[in-house]
Structures are given as structure tokens and as C-alpha cells.
Amino acid sequence: MGLTESVEVNARARNVEKDGEDVEQSDKDTQVTDSTDATMTTALDTSNLHPKLVVCQSKALKGLFSRIRDVNTSNADFVRYSKRAMAILAEEALAEFPSKPTTIQTPCGPCDGIETIDLSQVCAVSIVRSGDALLDVVRDLVPEISVGKILIQRDESHPDKIPTLFYSKMPKNKKYVLLCDPMLATGGSANMAIDVLAVKYKIAPRNIIFANVICCPEGLKALGKSYPRVKIVTTMVDSHLDKHKFIVPGLGDYGDRFYGTDE
């Protein structure tokens, strides 16, 4: 699929989303009140950024992000600590798929529980290359999950870092998608990936969960306009984008730091 077809996919996908749009009100009641529980985000009101945003709350994240944000962290340590953060993210994202109450039998008696989704209906899709790091963590947790790939490259010479679609492939007859990409910056690549899922693979936007490690208001608002029914699960909402479209404070280029390709 080339650039021309990508533009057509974009237009058709926007119509798919608008035809079924019913934006749910985000939960405004959940707030972190104890500073020891808070992650390293700024004091940012996230309620108006995206209607289906879920921010993971874990005391472990503050320590992990202290490591992966640090410019002096080695490649080996970045991989080690980012995998731990991504494991938290992956579990939380998987838990957002539909479930229903059930009663289970323990060795000592009955107990309330839930019946989780049949994972044969789910495909984990990475936006290559950084998304592969998160996808591998998902597969460590759920080895049997099906896998899809979308290759999108940003034009780094363009001031808006516009994306171009080069390749996509995923299994047929899947109802749900866990979309994996560690960073949500401008939202261009994520929008294009969801366009492909919605149009080419007929995945309803409401059945897509987008998991990312760090995001920012600009990217969240962009997805909120185009895909308000896609649920976004993240471990961190940072302050803003700088003039080079990098997330601030962020951690730099995730793929370069994870795969050791810093120049």
C-alpha cells in the first residue's frame, strides 16, 4: 500500500468512525490523592484529552521511569527497566478487553471472579519498529496471541513529521486488536494505523485498544477527534511536544534507546 492508497484509507476510515460515533464520558472521579502513589507526570488534567483514556496507576512506575528517562542509563538497563514498565502496561491493557462476572471454585470454597475474553478473537498488532518491543512483552505474557504488523515511517525532514504507510499484515477474522506502540506524540502514525485496521481489516474502532508507554496532550487530542471510541491505555501522560515533535520530558527516541541504535 503506497501513499495514495494511504490517503484513501484515511478518508474512508474517518467515515467509518463517524457513522458509529457515540463518545462515552470519561471517568472524572478517579484521582490520585496520595503523592506517594503518583507517577512522574506533571499536574495535568487528563479528563478532556481523550474520552476513553486509561492511565495506569502503579507505585512501581515512578522508579522504572526514573531509570528509563535518565539520559545516562545504559542500553542494557533501558531494556531491562522498560520491559518491566511494559509488562505492567500490557497486563493493564489486556484487562481492558470485555469480561463478565463468574463464580470460581477455590480449594476452600466459591469466590467471585471474572471470565476474560477468548484470546483467539484478539490480535496484537505492532507499529514497527518500536511497537515490536511492546509486542514482545505482550507475547511473553500471552504466547498464544495472534500477531499483526504495520510499517509506518515518519518523514523526519518534514516539520510535521508526516507518516507514510509501507506495509500491513494481520490474521483474518479477528474481532479485537491490541495496538502496540510505546510513544504517542503527534498521533499521525497511530491515526494511520487505526485507519488501516478499520478499513482494510474491518476492525470496529470500539474493539481496538491502543497501548503506549508515554503519550502527550497533542497526540491524545488528535486521536480524540478522529477516533474517540478507541480506548487508549498508557502508563504516562507527559507535558507537551517540543518544536521537533519530541515528547517533553519524555525519554528520547524509544526505538533507538531500546535497540541500541543511537548515533
# chains A, B, ... in the order shown; residues from 1 in each chain; ligands from 1
call {"tool": "residues_around", "arguments": {"residues": "stretch 205-209 of chain A", "least_positions_apart": "4", "cutoff": "6 Å", "atoms": "only C-alpha atoms", "output": "PDB file with all heavy atoms, in the first residue's frame"}}
result
ATOM      1  N   TYR A 176     -11.002  -8.264  17.843  1.00  0.00           N
ATOM      2  CA  TYR A 176     -10.380  -7.266  18.706  1.00  0.00           C
ATOM      3  C   TYR A 176      -8.904  -7.108  18.356  1.00  0.00           C
ATOM      4  O   TYR A 176      -8.255  -8.064  17.908  1.00  0.00           O
ATOM      5  CB  TYR A 176     -10.494  -7.670  20.185  1.00  0.00           C
ATOM      6  CG  TYR A 176     -11.903  -7.824  20.669  1.00  0.00           C
ATOM      7  CD1 TYR A 176     -12.509  -9.073  20.699  1.00  0.00           C
ATOM      8  CD2 TYR A 176     -12.635  -6.724  21.118  1.00  0.00           C
ATOM      9  CE1 TYR A 176     -13.809  -9.231  21.158  1.00  0.00           C
ATOM     10  CE2 TYR A 176     -13.926  -6.872  21.578  1.00  0.00           C
ATOM     11  CZ  TYR A 176     -14.516  -8.118  21.587  1.00  0.00           C
ATOM     12  OH  TYR A 176     -15.800  -8.258  22.039  1.00  0.00           O
ATOM     13  N   VAL A 177      -8.378  -5.904  18.590  1.00  0.00           N
ATOM     14  CA  VAL A 177      -6.969  -5.629  18.335  1.00  0.00           C
ATOM     15  C   VAL A 177      -6.362  -4.895  19.528  1.00  0.00           C
ATOM     16  O   VAL A 177      -6.967  -3.956  20.064  1.00  0.00           O
ATOM     17  CB  VAL A 177      -6.769  -4.782  17.060  1.00  0.00           C
ATOM     18  CG1 VAL A 177      -5.377  -4.146  17.022  1.00  0.00           C
ATOM     19  CG2 VAL A 177      -6.960  -5.643  15.814  1.00  0.00           C
ATOM     20  N   LEU A 178      -5.176  -5.351  19.933  1.00  0.00           N
ATOM     21  CA  LEU A 178      -4.343  -4.608  20.874  1.00  0.00           C
ATOM     22  C   LEU A 178      -3.229  -3.973  20.050  1.00  0.00           C
ATOM     23  O   LEU A 178      -2.316  -4.652  19.585  1.00  0.00           O
ATOM     24  CB  LEU A 178      -3.758  -5.536  21.937  1.00  0.00           C
ATOM     25  CG  LEU A 178      -2.802  -4.888  22.942  1.00  0.00           C
ATOM     26  CD1 LEU A 178      -3.488  -3.778  23.718  1.00  0.00           C
ATOM     27  CD2 LEU A 178      -2.217  -5.922  23.894  1.00  0.00           C
ATOM     28  N   ARG A 229     -13.649   6.460  19.987  1.00  0.00           N
ATOM     29  CA  ARG A 229     -14.111   5.185  20.522  1.00  0.00           C
ATOM     30  C   ARG A 229     -12.970   4.188  20.728  1.00  0.00           C
ATOM     31  O   ARG A 229     -13.183   3.099  21.273  1.00  0.00           O
ATOM     32  CB  ARG A 229     -15.177   4.589  19.603  1.00  0.00           C
ATOM     33  CG  ARG A 229     -16.385   5.511  19.449  1.00  0.00           C
ATOM     34  CD  ARG A 229     -17.401   4.959  18.482  1.00  0.00           C
ATOM     35  NE  ARG A 229     -18.161   3.877  19.080  1.00  0.00           N
ATOM     36  CZ  ARG A 229     -18.897   3.015  18.373  1.00  0.00           C
ATOM     37  NH1 ARG A 229     -18.904   3.086  17.059  1.00  0.00           N
ATOM     38  NH2 ARG A 229     -19.583   2.081  18.977  1.00  0.00           N
ATOM     39  N   VAL A 230     -11.776   4.503  20.275  1.00  0.00           N
ATOM     40  CA  VAL A 230     -10.608   3.658  20.540  1.00  0.00           C
ATOM     41  C   VAL A 230     -10.130   3.926  21.968  1.00  0.00           C
ATOM     42  O   VAL A 230      -9.875   5.070  22.335  1.00  0.00           O
ATOM     43  CB  VAL A 230      -9.476   3.948  19.536  1.00  0.00           C
ATOM     44  CG1 VAL A 230      -8.189   3.245  19.961  1.00  0.00           C
ATOM     45  CG2 VAL A 230      -9.881   3.511  18.132  1.00  0.00           C
ATOM     46  N   LYS A 231     -10.012   2.887  22.756  1.00  0.00           N
ATOM     47  CA  LYS A 231      -9.528   3.059  24.129  1.00  0.00           C
ATOM     48  C   LYS A 231      -8.006   3.151  24.127  1.00  0.00           C
ATOM     49  O   LYS A 231      -7.321   2.356  23.462  1.00  0.00           O
ATOM     50  CB  LYS A 231      -9.981   1.896  25.014  1.00  0.00           C
ATOM     51  CG  LYS A 231      -9.561   2.031  26.467  1.00  0.00           C
ATOM     52  CD  LYS A 231     -10.198   0.965  27.347  1.00  0.00           C
ATOM     53  CE  LYS A 231     -11.649   1.253  27.577  1.00  0.00           C
ATOM     54  NZ  LYS A 231     -12.262   0.314  28.568  1.00  0.00           N
ATOM     55  N   ILE A 232      -7.473   4.124  24.855  1.00  0.00           N
ATOM     56  CA  ILE A 232      -6.026   4.314  24.970  1.00  0.00           C
ATOM     57  C   ILE A 232      -5.603   3.980  26.383  1.00  0.00           C
ATOM     58  O   ILE A 232      -6.124   4.550  27.355  1.00  0.00           O
ATOM     59  CB  ILE A 232      -5.624   5.758  24.625  1.00  0.00           C
ATOM     60  CG1 ILE A 232      -6.027   6.102  23.187  1.00  0.00           C
ATOM     61  CG2 ILE A 232      -4.120   5.958  24.818  1.00  0.00           C
ATOM     62  CD1 ILE A 232      -5.781   7.546  22.806  1.00  0.00           C
TER      63      ILE A 232
END
call {"tool": "select_by_dssp", "arguments": {"residues": "stretch 25-235 of chain A", "states": "helix (DSSP H, G or I)", "output": "MDAnalysis selection string"}}
result
chainID A and resid 60:69 75:94 119:121 130:141 188:199 205:207 217:226
call {"tool": "residues_around", "arguments": {"residues": "A:Ser74", "least_positions_apart": "6", "cutoff": "12 Å", "atoms": "only C-alpha atoms", "output": "list in words"}}
result
Arg67, Ile68, Arg80, Tyr81, Ser82, Asp256, Arg257, Phe258, Tyr259, Gly260 and Asp262 of chain A
call {"tool": "residues_around", "arguments": {"residues": "A:Leu223", "least_positions_apart": "4", "cutoff": "7 Å", "atoms": "only C-alpha atoms", "output": "JSON, numbers by chain"}}
result
{"A": [187, 191, 219, 227, 228]}
call {"tool": "closest_residue", "arguments": {"among": "A:Ser130, A:Thr186, A:Asn173, A:Ser146", "to": "A:Lys161", "atoms": "only C-alpha atoms"}}
result
A:Thr186
call {"tool": "residues_around", "arguments": {"residues": "A:Ala90", "least_positions_apart": "4", "cutoff": "7 Å", "atoms": "only C-alpha atoms", "output": "VMD selection string"}}
result
chain A and resid 86 94 138
call {"tool": "atom_distance", "arguments": {"atom1": "atom CA of A:Ala60", "atom2": "atom CA of A:Pro98"}}
result
25.9 Å
call {"tool": "select_by_dssp", "arguments": {"residues": "stretch 17-217 of chain A", "states": "strand (DSSP E or B)", "output": "number ranges by chain"}}
result
A: 53-55, 99-106, 109-116, 122-128, 146-154, 163-169, 176-180, 183-184, 208-212, 214-215
call {"tool": "residues_around", "arguments": {"residues": "A:Leu61", "least_positions_apart": "3", "cutoff": "8 Å", "atoms": "only C-alpha atoms", "output": "PyMOL selection string"}}
result
chain A and resi 39+57-58+64-65+85+235
call {"tool": "atom_distance", "arguments": {"atom1": "atom CA of A:Leu151", "atom2": "atom CA of A:Asp181"}}
result
11.4 Å
call {"tool": "closest_residue", "arguments": {"among": "A:Ala211, A:Cys123, A:Ala204, A:Met192", "to": "A:Lys172", "atoms": "only C-alpha atoms"}}
result
A:Cys123
call {"tool": "atom_distance", "arguments": {"atom1": "atom CA of A:Leu89", "atom2": "atom CA of A:His240"}}
result
21.1 Å
call {"tool": "closest_residue", "arguments": {"among": "A:Leu49, A:Thr261, A:Met236, A:Thr116", "to": "A:Lys62", "atoms": "only C-alpha atoms"}}
result
A:Met236
